[in-house]
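**Q** Have a look at this one before I ask anything.
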Amino acid sequence: MTESSGRGRIGVLAIQGDYAAHADALAEAGATPILVRKPEELRELDGLILPGGESTTILRFLEKHNFLEELRQFCSSRPVFGTCAGAILLSREVRNPQQPSLAVLDARIERNAYGRQIDSSIVNGETTLPGGALEMVFIRAPRFLSLGADVEVLARREQDPVLVRQGKVMAATFHPELSSDRRVHQAFVDLVARFRKD
Ligand code: GLN
């Protein structure tokens with residue numbers, strides 16, 4: 001094991017959206033980020049981030065390049081973290097409108113759920129991560145409508161769950177990579193380290 005892989009080789013799906021900010025955040029949290037554009041690039045990874053962006057665009061690319069099934073297999077066996085559009089891709093059921101997904105997170109999610117007036121906002125919310133309230137950047141954010149019994153809520157925006165975990169799957173409806181607080185990426189890096197194959 002090389003020193004740089006000490007905290008895990010974590011891929012960032014780099015098809016569309018703000019993957020570069022995630023790569024920086026992962027590096028700051030002590031992992032080795034790897035940009036992923038092809039299915040075969042998944043093989044060497046210990047974990048993966050699905051970034052925010054436009055879930056329909058990402059989905060169309062994945063379907064067109066026969067990437068969806070390999071990604072589904074990866075996401076059902078290795079740790080994965082979806083933010084915003086990434087959370088939509090992970091959820092079992094997508095509304096507004098309905099669309100296919102990887103369905104590895106037991107959740108129903110509604111796209112663009114906060115309406116036009118509050119398309120984007122920065123709020124402080126309660127979190128169970130140590131260190132107090134968490135800054136959360138929302139951009140045309142989705143909202144979880146319901147969560148399965150195995151899904152743990154790690155942060156809320158008022159009543160709404162916005163950061164959740166089910167086993168090896170983490171999802172946020174906001175953009176932790178756009179804040180300077182690295183606790184959320186750190187939590188994922190720690191999760192990857194726990195599930196890592198030696
Ligand atoms: N509105 C986007 C979607 O539905 C998600 C927005 C984001 O990732 N910032 O896919």
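Residues are named by chain letter and number: chains run A, B, ... in the order of the structure tokens, numbers start at 1 in each chain, and ligands are numbered from 1 in the order shown.
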Can I get the residues of chain A within 7 Å of ligand 1, each with the closest pair of atoms and their distance in Å to one decimal, using only C-alpha atoms and all ligand atoms, sorted chain first then ascending number, as a Markdown table?
**A**
| residue | atom | partner | partner_atom_place_in_ligand_line | distance |
| --- | --- | --- | --- | --- |
| A:Gly52 | CA | ligand 1 | 8 (O) | 3.4 |
| A:Gly53 | CA | ligand 1 | 8 (O) | 3.9 |
| A:Glu54 | CA | ligand 1 | 10 (O) | 3.8 |
| A:Ser55 | CA | ligand 1 | 10 (O) | 3.5 |
| A:Thr56 | CA | ligand 1 | 10 (O) | 6.0 |
| A:Thr83 | CA | ligand 1 | 8 (O) | 6.8 |
| A:Cys84 | CA | ligand 1 | 8 (O) | 4.1 |
| A:Ala85 | CA | ligand 1 | 8 (O) | 3.8 |
| A:Gly86 | CA | ligand 1 | 8 (O) | 6.8 |
| A:Ile88 | CA | ligand 1 | 10 (O) | 6.7 |
| A:Arg111 | CA | ligand 1 | 4 (O) | 4.7 |
| A:Asn112 | CA | ligand 1 | 1 (N) | 5.0 |
| A:Phe138 | CA | ligand 1 | 9 (N) | 7.0 |
| A:Ile139 | CA | ligand 1 | 9 (N) | 4.5 |
| A:Arg140 | CA | ligand 1 | 1 (N) | 4.6 |
| A:Ala141 | CA | ligand 1 | 6 (C) | 5.2 |
| A:Pro142 | CA | ligand 1 | 5 (C) | 6.5 |
**Q** Generate the output file for the selected residues, N, CA, C and O atoms, as an mmCIF file, in the first residue's frame.
**A**
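Contents of part35.cif, freshly written:
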data_model
loop_
_atom_site.group_PDB
_atom_site.id
_atom_site.type_symbol
_atom_site.label_atom_id
_atom_site.label_comp_id
_atom_site.auth_asym_id
_atom_site.auth_seq_id
_atom_site.Cartn_x
_atom_site.Cartn_y
_atom_site.Cartn_z
ATOM 1 N N GLY A 52 -23.199 16.530 -7.755
ATOM 2 C CA GLY A 52 -24.373 17.273 -8.214
ATOM 3 C C GLY A 52 -24.203 17.687 -9.663
ATOM 4 O O GLY A 52 -23.112 17.591 -10.228
ATOM 5 N N GLY A 53 -25.278 18.124 -10.239
ATOM 6 C CA GLY A 53 -25.294 18.507 -11.649
ATOM 7 C C GLY A 53 -26.719 18.389 -12.119
ATOM 8 O O GLY A 53 -27.634 18.826 -11.426
ATOM 9 N N GLU A 54 -26.931 17.766 -13.239
ATOM 10 C CA GLU A 54 -28.287 17.547 -13.745
ATOM 11 C C GLU A 54 -28.467 16.039 -13.889
ATOM 12 O O GLU A 54 -27.829 15.416 -14.736
ATOM 13 N N SER A 55 -29.319 15.468 -13.044
ATOM 14 C CA SER A 55 -29.413 14.004 -12.999
ATOM 15 C C SER A 55 -29.860 13.413 -14.339
ATOM 16 O O SER A 55 -29.409 12.336 -14.717
ATOM 17 N N THR A 56 -30.727 14.124 -15.061
ATOM 18 C CA THR A 56 -31.173 13.587 -16.363
ATOM 19 C C THR A 56 -30.000 13.514 -17.350
ATOM 20 O O THR A 56 -29.880 12.544 -18.097
ATOM 21 N N THR A 83 -24.363 13.376 -4.007
ATOM 22 C CA THR A 83 -24.784 14.706 -3.560
ATOM 23 C C THR A 83 -25.716 15.312 -4.598
ATOM 24 O O THR A 83 -25.413 15.316 -5.782
ATOM 25 N N CYS A 84 -26.832 15.805 -4.144
ATOM 26 C CA CYS A 84 -27.833 16.495 -4.966
ATOM 27 C C CYS A 84 -28.265 15.627 -6.155
ATOM 28 O O CYS A 84 -28.953 14.639 -5.942
ATOM 29 N N ALA A 85 -27.851 15.912 -7.375
ATOM 30 C CA ALA A 85 -28.215 15.022 -8.486
ATOM 31 C C ALA A 85 -27.760 13.587 -8.197
ATOM 32 O O ALA A 85 -28.444 12.627 -8.563
ATOM 33 N N GLY A 86 -26.620 13.452 -7.532
ATOM 34 C CA GLY A 86 -26.118 12.125 -7.157
ATOM 35 C C GLY A 86 -27.062 11.407 -6.195
ATOM 36 O O GLY A 86 -27.261 10.193 -6.290
ATOM 37 N N ILE A 88 -30.242 11.854 -6.144
ATOM 38 C CA ILE A 88 -31.386 11.465 -6.986
ATOM 39 C C ILE A 88 -31.066 10.142 -7.683
ATOM 40 O O ILE A 88 -31.888 9.222 -7.711
ATOM 41 N N ARG A 111 -37.399 15.769 -7.164
ATOM 42 C CA ARG A 111 -36.446 16.701 -7.771
ATOM 43 C C ARG A 111 -36.966 18.138 -7.660
ATOM 44 O O ARG A 111 -38.164 18.374 -7.626
ATOM 45 N N ASN A 112 -36.038 19.075 -7.664
ATOM 46 C CA ASN A 112 -36.358 20.517 -7.689
ATOM 47 C C ASN A 112 -37.501 20.849 -6.735
ATOM 48 O O ASN A 112 -38.477 21.482 -7.099
ATOM 49 N N PHE A 138 -27.649 24.700 -0.933
ATOM 50 C CA PHE A 138 -28.671 24.023 -1.738
ATOM 51 C C PHE A 138 -28.772 24.701 -3.098
ATOM 52 O O PHE A 138 -28.889 25.925 -3.172
ATOM 53 N N ILE A 139 -28.744 23.907 -4.164
ATOM 54 C CA ILE A 139 -28.888 24.446 -5.525
ATOM 55 C C ILE A 139 -29.912 23.592 -6.267
ATOM 56 O O ILE A 139 -29.659 22.417 -6.539
ATOM 57 N N ARG A 140 -31.065 24.166 -6.555
ATOM 58 C CA ARG A 140 -32.152 23.418 -7.213
ATOM 59 C C ARG A 140 -32.262 22.005 -6.594
ATOM 60 O O ARG A 140 -32.228 20.989 -7.285
ATOM 61 N N ALA A 141 -32.408 22.025 -5.305
ATOM 62 C CA ALA A 141 -32.218 20.796 -4.527
ATOM 63 C C ALA A 141 -33.433 19.878 -4.567
ATOM 64 O O ALA A 141 -34.567 20.337 -4.628
ATOM 65 N N PRO A 142 -33.155 18.592 -4.470
ATOM 66 C CA PRO A 142 -34.246 17.629 -4.268
ATOM 67 C C PRO A 142 -34.596 17.544 -2.778
ATOM 68 O O PRO A 142 -33.891 18.096 -1.934
#
**Q** Considering only strand (DSSP E) as DSSP defines it on the backbone, what residues of range 61-121 of chain A qualify? List them as a PyMOL selection string.
**A** chain A and resi 80-83+91-95+105-110+120-121
**Q** Save out the residues we just selected, C-alpha atoms, as an mmCIF file, in the first residue's frame.
**A**
data_model
loop_
_atom_site.group_PDB
_atom_site.id
_atom_site.type_symbol
_atom_site.label_atom_id
_atom_site.label_comp_id
_atom_site.auth_asym_id
_atom_site.auth_seq_id
_atom_site.Cartn_x
_atom_site.Cartn_y
_atom_site.Cartn_z
ATOM 1 C CA VAL A 80 -20.889 5.430 -2.512
ATOM 2 C CA PHE A 81 -21.838 9.049 -1.737
ATOM 3 C CA GLY A 82 -24.325 10.951 -3.898
ATOM 4 C CA THR A 83 -24.784 14.706 -3.560
ATOM 5 C CA SER A 91 -32.673 6.794 -4.551
ATOM 6 C CA ARG A 92 -35.052 3.891 -5.099
ATOM 7 C CA GLU A 93 -37.856 6.102 -6.420
ATOM 8 C CA VAL A 94 -37.631 9.473 -8.177
ATOM 9 C CA ARG A 95 -40.512 11.948 -8.522
ATOM 10 C CA LEU A 105 -30.836 3.888 -1.267
ATOM 11 C CA ASP A 106 -34.217 3.056 0.249
ATOM 12 C CA ALA A 107 -35.709 6.507 -0.323
ATOM 13 C CA ARG A 108 -38.297 8.383 -2.336
ATOM 14 C CA ILE A 109 -36.958 11.706 -3.583
ATOM 15 C CA GLU A 110 -38.544 14.684 -5.331
ATOM 16 C CA SER A 120 -30.548 28.214 -4.195
ATOM 17 C CA SER A 121 -29.867 28.940 -0.558
#
**Q** Would you kindly return, as an MDAnalysis selection string, each protein, DNA or RNA residue with an atom no farther than 6 Å from any atom of Val162 in chain A, considering only C-alpha atoms and excluding same-chain residues fewer than 6 positions away?
**A** chainID A and resid 155:156 172:173
**Q** Determine the nearest neighbour of Ser179 in chain A from the options A:Ala149, A:Ala27, A:Val123, A:Leu71, counting only C-alpha atoms.
**A**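 Going through A:Ala149, A:Ala27, A:Val123, A:Leu71 one by one, the smallest distance to Ser179 in chain A is for A:Val123.
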**Q** So which residues touch range 60-68 of chain A within 10 Å, counting only C-alpha atoms, skipping near sequence neighbours fewer than 4 positions away, as a list in words?
**A** Ile15, Gln16, Arg37, Lys38, Pro39, Glu40, Ser55, Thr56, Arg72, Gln73, Phe74, Ser101 and Leu102 of chain A
**Q** Please produce a file of those selected residues containing N, CA, C and O atoms, as a PDB file, in the first residue's frame.
**A**
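Everything below was put into result00.pdb:
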ATOM      1  N   ILE A  15     -18.638  13.113 -15.287  1.00  0.00           N
ATOM      2  CA  ILE A  15     -19.359  13.222 -16.554  1.00  0.00           C
ATOM      3  C   ILE A  15     -19.895  14.630 -16.732  1.00  0.00           C
ATOM      4  O   ILE A  15     -19.820  15.227 -17.798  1.00  0.00           O
ATOM      5  N   GLN A  16     -20.469  15.153 -15.674  1.00  0.00           N
ATOM      6  CA  GLN A  16     -21.088  16.471 -15.715  1.00  0.00           C
ATOM      7  C   GLN A  16     -21.222  16.942 -14.277  1.00  0.00           C
ATOM      8  O   GLN A  16     -21.267  16.118 -13.364  1.00  0.00           O
ATOM      9  N   ARG A  37     -14.563   8.321 -15.770  1.00  0.00           N
ATOM     10  CA  ARG A  37     -15.398   8.586 -16.945  1.00  0.00           C
ATOM     11  C   ARG A  37     -15.797   7.317 -17.685  1.00  0.00           C
ATOM     12  O   ARG A  37     -16.625   7.350 -18.563  1.00  0.00           O
ATOM     13  N   LYS A  38     -15.163   6.206 -17.324  1.00  0.00           N
ATOM     14  CA  LYS A  38     -15.438   4.934 -18.020  1.00  0.00           C
ATOM     15  C   LYS A  38     -15.679   3.830 -17.000  1.00  0.00           C
ATOM     16  O   LYS A  38     -15.051   3.828 -15.932  1.00  0.00           O
ATOM     17  N   PRO A  39     -16.522   2.842 -17.363  1.00  0.00           N
ATOM     18  CA  PRO A  39     -16.833   1.767 -16.405  1.00  0.00           C
ATOM     19  C   PRO A  39     -15.593   1.059 -15.888  1.00  0.00           C
ATOM     20  O   PRO A  39     -15.513   0.733 -14.701  1.00  0.00           O
ATOM     21  N   GLU A  40     -14.604   0.834 -16.770  1.00  0.00           N
ATOM     22  CA  GLU A  40     -13.432   0.054 -16.315  1.00  0.00           C
ATOM     23  C   GLU A  40     -12.636   0.795 -15.238  1.00  0.00           C
ATOM     24  O   GLU A  40     -11.877   0.185 -14.493  1.00  0.00           O
ATOM     25  N   SER A  55     -29.319  15.468 -13.044  1.00  0.00           N
ATOM     26  CA  SER A  55     -29.413  14.004 -12.999  1.00  0.00           C
ATOM     27  C   SER A  55     -29.860  13.413 -14.339  1.00  0.00           C
ATOM     28  O   SER A  55     -29.409  12.336 -14.717  1.00  0.00           O
ATOM     29  N   THR A  56     -30.727  14.124 -15.061  1.00  0.00           N
ATOM     30  CA  THR A  56     -31.173  13.587 -16.363  1.00  0.00           C
ATOM     31  C   THR A  56     -30.000  13.514 -17.350  1.00  0.00           C
ATOM     32  O   THR A  56     -29.880  12.544 -18.097  1.00  0.00           O
ATOM     33  N   ARG A  72     -24.364   0.388 -11.190  1.00  0.00           N
ATOM     34  CA  ARG A  72     -25.306  -0.197 -10.219  1.00  0.00           C
ATOM     35  C   ARG A  72     -24.611  -1.301  -9.410  1.00  0.00           C
ATOM     36  O   ARG A  72     -24.749  -1.378  -8.199  1.00  0.00           O
ATOM     37  N   GLN A  73     -23.834  -2.115 -10.110  1.00  0.00           N
ATOM     38  CA  GLN A  73     -23.113  -3.193  -9.411  1.00  0.00           C
ATOM     39  C   GLN A  73     -22.108  -2.620  -8.414  1.00  0.00           C
ATOM     40  O   GLN A  73     -22.015  -3.078  -7.281  1.00  0.00           O
ATOM     41  N   PHE A  74     -21.374  -1.595  -8.856  1.00  0.00           N
ATOM     42  CA  PHE A  74     -20.402  -0.970  -7.954  1.00  0.00           C
ATOM     43  C   PHE A  74     -21.118  -0.416  -6.721  1.00  0.00           C
ATOM     44  O   PHE A  74     -20.701  -0.653  -5.585  1.00  0.00           O
ATOM     45  N   SER A 101     -33.250   5.009 -11.867  1.00  0.00           N
ATOM     46  CA  SER A 101     -32.183   5.326 -10.918  1.00  0.00           C
ATOM     47  C   SER A 101     -31.392   4.054 -10.610  1.00  0.00           C
ATOM     48  O   SER A 101     -31.748   2.970 -11.062  1.00  0.00           O
ATOM     49  N   LEU A 102     -30.344   4.217  -9.808  1.00  0.00           N
ATOM     50  CA  LEU A 102     -29.534   3.072  -9.399  1.00  0.00           C
ATOM     51  C   LEU A 102     -30.224   2.279  -8.291  1.00  0.00           C
ATOM     52  O   LEU A 102     -29.925   1.103  -8.091  1.00  0.00           O
TER      53      LEU A 102
END
**Q** Name the residues of range 2-186 of chain A that come out as helix (DSSP H, G or I) in a backbone DSSP run; write them as a VMD selection string.
**A** chain A and resid 3 to 5 19 to 28 39 to 42 55 to 64 68 to 77 85 to 90 176 to 178 183 to 186
